[in-house]
Every structure is written in structure tokens, then in C-alpha cells.
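Below: one structure, written as C-alpha cells.
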Amino acid sequence: MRTKLLLFSVMICIFSTTNGQTKKSPNNKIPKAKTHIPVVKQEKYPEPPRVEVLLANPGDGNVTMSAPPMVEAPKQISLYLINGEMITARKVSELDNIDFKKIKKFKSDNRYTPEFEEVAFNAFLEKLLNDSPNLEELDLQNCKIKIIPKIVNLNTNLKAIDLSYNNLTELPESLALFPNLEKLILDTNQLSGLPQSIIKLKKLNCISLDKNHFTKFPEELFSIPTLETLTLYKNNLKTLPDQFNLLPNLTTLDLQYTNISSLPPSIATLSKLNSIGLNGNQFAEFPASAAALKTLKQVDFSNNPIDIKIFMQSLDAIKWRGLFSLYDLKLTKVEYEAVQEKLKMIDVYH
């Protein structure tokens, strides 16, 4: 009997323990905070169309590749009116009803559309030059212009003309009818001289004649003391006249690749000159007239056939402080270090 009671007690203990382990305990966990993350709605823009291009592959035959979409060429003509309105067109015929007296700025760039209406454009240009008294800026790059139409009317508002990348062989004397012109860009034409009337442009401060056919410095420019920027890059000048004292306001002078081997003494009188380009010429030494200028801040003397001995001696005369570019002078490491030692206060780049 005692054995049965003992066995019954053990069974009760086992049952109680098992029941305690399987009974669910209360949930004491801290509930998670509900964090609200704002979702930014992303706009879906349609993808630009792809152009399938077949490329020949010797190993696998033709391979199809996706190319970027063709981009429409920009409008070649832009008109800015005195009331702030802007008009664009592809052909001058689209501008038949334009009031020329309202034009403030004209820009025509033909580099994207080779089929230019030459006859129609020349007639339009003649009216633009003569019947637009409020015209201030005229940009005619890449328009295949061979000759400037006849100019008969005075325009005192025109301040900037860009005729670069055309086929001009000469400029008209009537350019003087733009007496307040300040900027004249004539790069990449076939000019070999300037009209005498250019001396009447007494407010001209910038003229660019890069990549033309000048074999002689255009001395008419010495009659324009207001000039601040003068560039003659890639003209075969060989020599320069000694009259630069007549250009006292010159700050930038670019004579790169003009085949010159010396500078005239009058260059030393340019007390406002801060940049001069002498790259790609025939200098054996650094010119004394440029060395004497205290205002210079940037000088490109690269790619010249220097004589190292006289070149090193010429550096002793330098009075300016700034950036001195000496690329392609065929200096050895020792020679270059000697230049740096001599010009401690100048940033020398080799």
C-alpha cells in the first residue's frame, strides 16, 4: 500500500512539472513602435527611343547593339527682341514678317545644317545690317559668308560682331558705320589685311584675328589706343613693328605660332599687359622686352627652339611673377631644375 501511494505521488509531480512547461506564459515583450517612413513618389519618365545598330563581327556574325538616340540639331537662327522675346528658326524665309527695328541680338550658326540658303541669307543680312538700328550683338559664325553685304546706314548701338569660321577675304570700309563697336571676332577666315576705316572704331577693345592669312602685322590697329585684347594666333607674321607703345591699354597679346623670333622694344612699354602667348615660335632666348614687364602674370613660351646657354642668361632679366609655361623646350631634368632654381618666385611648368 505504501508502495502504491509513493508511486502515485511521483506521478502527480511529473504531471505538474510537464503541465507547467507547456502552459503559455503571458506576453511581456514591448510592442514594436510603428515607424512611418514617407514614400517619395518617383515620377516615371518615358525612356528615349533606342536605335538598333548592326555591327559586323567576324567571329559571331552581325551583333545588334543599342545606340543613344539621335539628338535634334539646334535651331540655327536665334533672334532676341528689344521686348525680351526670343524667336528661333531654321530658315530666313521663316522670318519674312519680322520687324527689323525690334531686333536686339542676332545669332546664326550653320555648323549643324550644311544646306544653307546662301542667296536668301545674304539678302536678309543686308537688311539686318541696315534696317536694325537697335541691334547690339551680331553673331554670324559658320555661315559661309564670302563677302559682307553693302552697309549704308549708321548703327550706334552695335557693340559686338562675330564673323568667325567664314570665307571672308576682306572687310568693307563701311565698317566705320558702327562707331561704338567694342568687340570684333574674325577667327578662321582668309583675311590678309584690314580696311583703313577700322581706325575710326575708337571704342574697339577686343579684336581676334586668329587663323587668317596675315603675313604682315595690321598696323591700322596702332591707331586704336582703346585695344585691350589682340590675338593673331597662327598667322605667318615673322616680324613685328616697333609701335606697341601706341596700345597702352593692352592686357592680352596672343602671338602664338606667328613664326616670330624676337619682340620689339616697345613691348616693354605695355604697363597693363598681364598675358602674352609666345608658344610655337622661333625664339632662342626669352625676349628682354617681355622680361622687363612687371605686370605679366601668364606667359606661354612653350615649343621654341631655345639655345639653352643664352636662354638661361635671358631669364636673369625677368621682373614679373606668375605662370611660366615651358613645355616642349627639350630641357633635360638638370636644366629644368636649374630654371626652377633661377626662377624661385615663378610657377614654372615643364
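Going through the C-alpha cells in order, the chains are called A, B, and so on, while each chain numbers its residues from 1 and the ligands are numbered from 1 in the order shown.
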- [ ] Within 6 Å of region 237-249 of chain A, counting only C-alpha atoms, which residues show up once you throw out same-chain ones fewer than 4 positions away? Write them as a ChimeraX atom specification, please.
- [x] /A:215-216,222,225,228,258-260,264,266-267,269-270
Take the residues that were just selected and, keeping N, CA and C atoms, output them as a compact mmCIF listing (two decimals), in the first residue's frame.
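New file result_24.txt:
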```
# COMPACT_ATOMS: atom_id res chain seq x y z
N THR A 215 50.44 88.10 -93.33
CA THR A 215 51.90 87.92 -93.39
C THR A 215 52.60 89.18 -92.88
N LYS A 216 51.81 90.18 -92.55
CA LYS A 216 52.32 91.44 -92.03
C LYS A 216 51.38 91.91 -90.94
N PHE A 222 47.33 100.13 -84.63
CA PHE A 222 48.07 101.06 -83.76
C PHE A 222 47.35 102.40 -83.62
N PRO A 225 43.90 103.12 -79.70
CA PRO A 225 44.52 103.00 -78.36
C PRO A 225 43.64 102.34 -77.32
N GLU A 228 42.38 96.35 -75.81
CA GLU A 228 42.82 95.64 -74.61
C GLU A 228 43.24 94.20 -74.93
N THR A 258 53.21 82.46 -84.81
CA THR A 258 53.29 83.52 -85.82
C THR A 258 54.67 83.58 -86.47
N ASN A 259 55.54 82.62 -86.11
CA ASN A 259 56.87 82.48 -86.73
C ASN A 259 57.80 83.65 -86.41
N ILE A 260 57.58 84.31 -85.28
CA ILE A 260 58.46 85.41 -84.88
C ILE A 260 59.62 84.86 -84.05
N PRO A 264 59.75 93.49 -80.38
CA PRO A 264 60.30 94.85 -80.45
C PRO A 264 60.42 95.47 -79.06
N SER A 266 59.34 98.20 -77.92
CA SER A 266 58.13 98.91 -77.47
C SER A 266 57.19 98.02 -76.66
N ILE A 267 57.36 96.70 -76.74
CA ILE A 267 56.54 95.80 -75.92
C ILE A 267 56.74 96.12 -74.44
N THR A 269 56.82 98.81 -73.00
CA THR A 269 56.05 99.98 -72.55
C THR A 269 54.61 99.59 -72.16
N LEU A 270 54.22 98.36 -72.40
CA LEU A 270 52.83 97.94 -72.15
C LEU A 270 52.64 97.67 -70.66
```
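For Lys101 (chain A), the set of protein, DNA and RNA residues having any atom at most 7 Å away, when counting only C-alpha atoms and skipping those fewer than 3 positions along the same chain, is Asp131, Ser132, Pro133 and Asn134 of chain A.
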Selection from above, C-alpha atoms, as a short mmCIF file (atom, residue, chain, number, x, y, z; two decimals), in the first residue's frame, can you write it?
```cif
data_model
loop_
_atom_site.label_atom_id
_atom_site.label_comp_id
_atom_site.auth_asym_id
_atom_site.auth_seq_id
_atom_site.Cartn_x
_atom_site.Cartn_y
_atom_site.Cartn_z
CA ASP A 131 17.44 98.30 -91.01
CA SER A 132 18.13 97.25 -87.41
CA PRO A 133 19.04 100.42 -85.50
CA ASN A 134 18.62 98.63 -82.14
#
```
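For region 222-298 of chain A, backbone-based DSSP assignment of alpha helix (DSSP H) covers Ala288, Ser289, Ala290 and Ala291 of chain A.
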For the atom pair CA of Leu278 (chain A) and CA of Lys297 (chain A), what is the interatomic distance in Å to one decimal place?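 These two atoms are separated by 13.7 Å.
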Mind checking which residues fall within 9 Å of Tyr257 (chain A), counting only C-alpha atoms, ignoring those fewer than 5 positions away in the same chain, and posting them as a list in words?
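Surrounding residues, per the criterion: Leu232, Tyr233, Lys234, Asn235, Asn236, Leu278, Asn279, Gly280, Asn281 and Gln282 of chain A.
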Open item on the list: Can you tell me, as a ChimeraX atom specification, which residues in region 112-234 of chain A count as strand (DSSP E) by DSSP?
Closed with: /A:137-139,160-162,183-185,206-208,229-231
Can you spit out the residues from that selection as a JSON list (two decimals), in the first residue's frame, using C-alpha atoms?
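Listed below is the output, selection-v3.json:
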```json
[["chain", "number", "residue", "atom", "x", "y", "z"],
["A", 137, "GLU", "CA", 25.12, 91.89, -80.96],
["A", 138, "LEU", "CA", 25.63, 90.13, -84.27],
["A", 139, "ASP", "CA", 26.86, 86.51, -84.23],
["A", 160, "ALA", "CA", 29.85, 93.07, -80.82],
["A", 161, "ILE", "CA", 30.32, 91.22, -84.13],
["A", 162, "ASP", "CA", 31.46, 87.61, -84.51],
["A", 183, "LYS", "CA", 34.36, 93.51, -79.93],
["A", 184, "LEU", "CA", 35.26, 92.14, -83.38],
["A", 185, "ILE", "CA", 35.92, 88.39, -83.78],
["A", 206, "CYS", "CA", 38.93, 93.42, -78.46],
["A", 207, "ILE", "CA", 39.91, 92.13, -81.91],
["A", 208, "SER", "CA", 40.66, 88.49, -82.69],
["A", 229, "THR", "CA", 42.84, 92.20, -76.27],
["A", 230, "LEU", "CA", 44.67, 91.41, -79.51],
["A", 231, "THR", "CA", 45.10, 87.87, -80.82]]
```
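Minimum atom-to-atom distance to Leu125 (chain A), evaluated using only C-alpha atoms, belongs to A:Val92 out of A:Lys105, A:Val92, A:Glu170, A:Lys202.
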Practice item. Fewer than 2 positions away in the same chain doesn't count, so skip those; otherwise give me all residues within 9 Å of Leu135 (chain A), counting only C-alpha atoms, as a list in words. Key: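 The residues satisfying every condition are Leu81, Ile82, Phe100, Lys101, Lys102, Ile103, Lys104, Lys105, Phe106, Leu128, Leu129, Ser132, Pro133, Glu137, Leu138, Asn155, Thr156, Asn157, Leu158 and Lys159 of chain A.
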Checklist line | CA of Val348 (chain A) to CA of Val334 (chain A), straight-line distance in Å | finding: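 The value is 14.3 Å.
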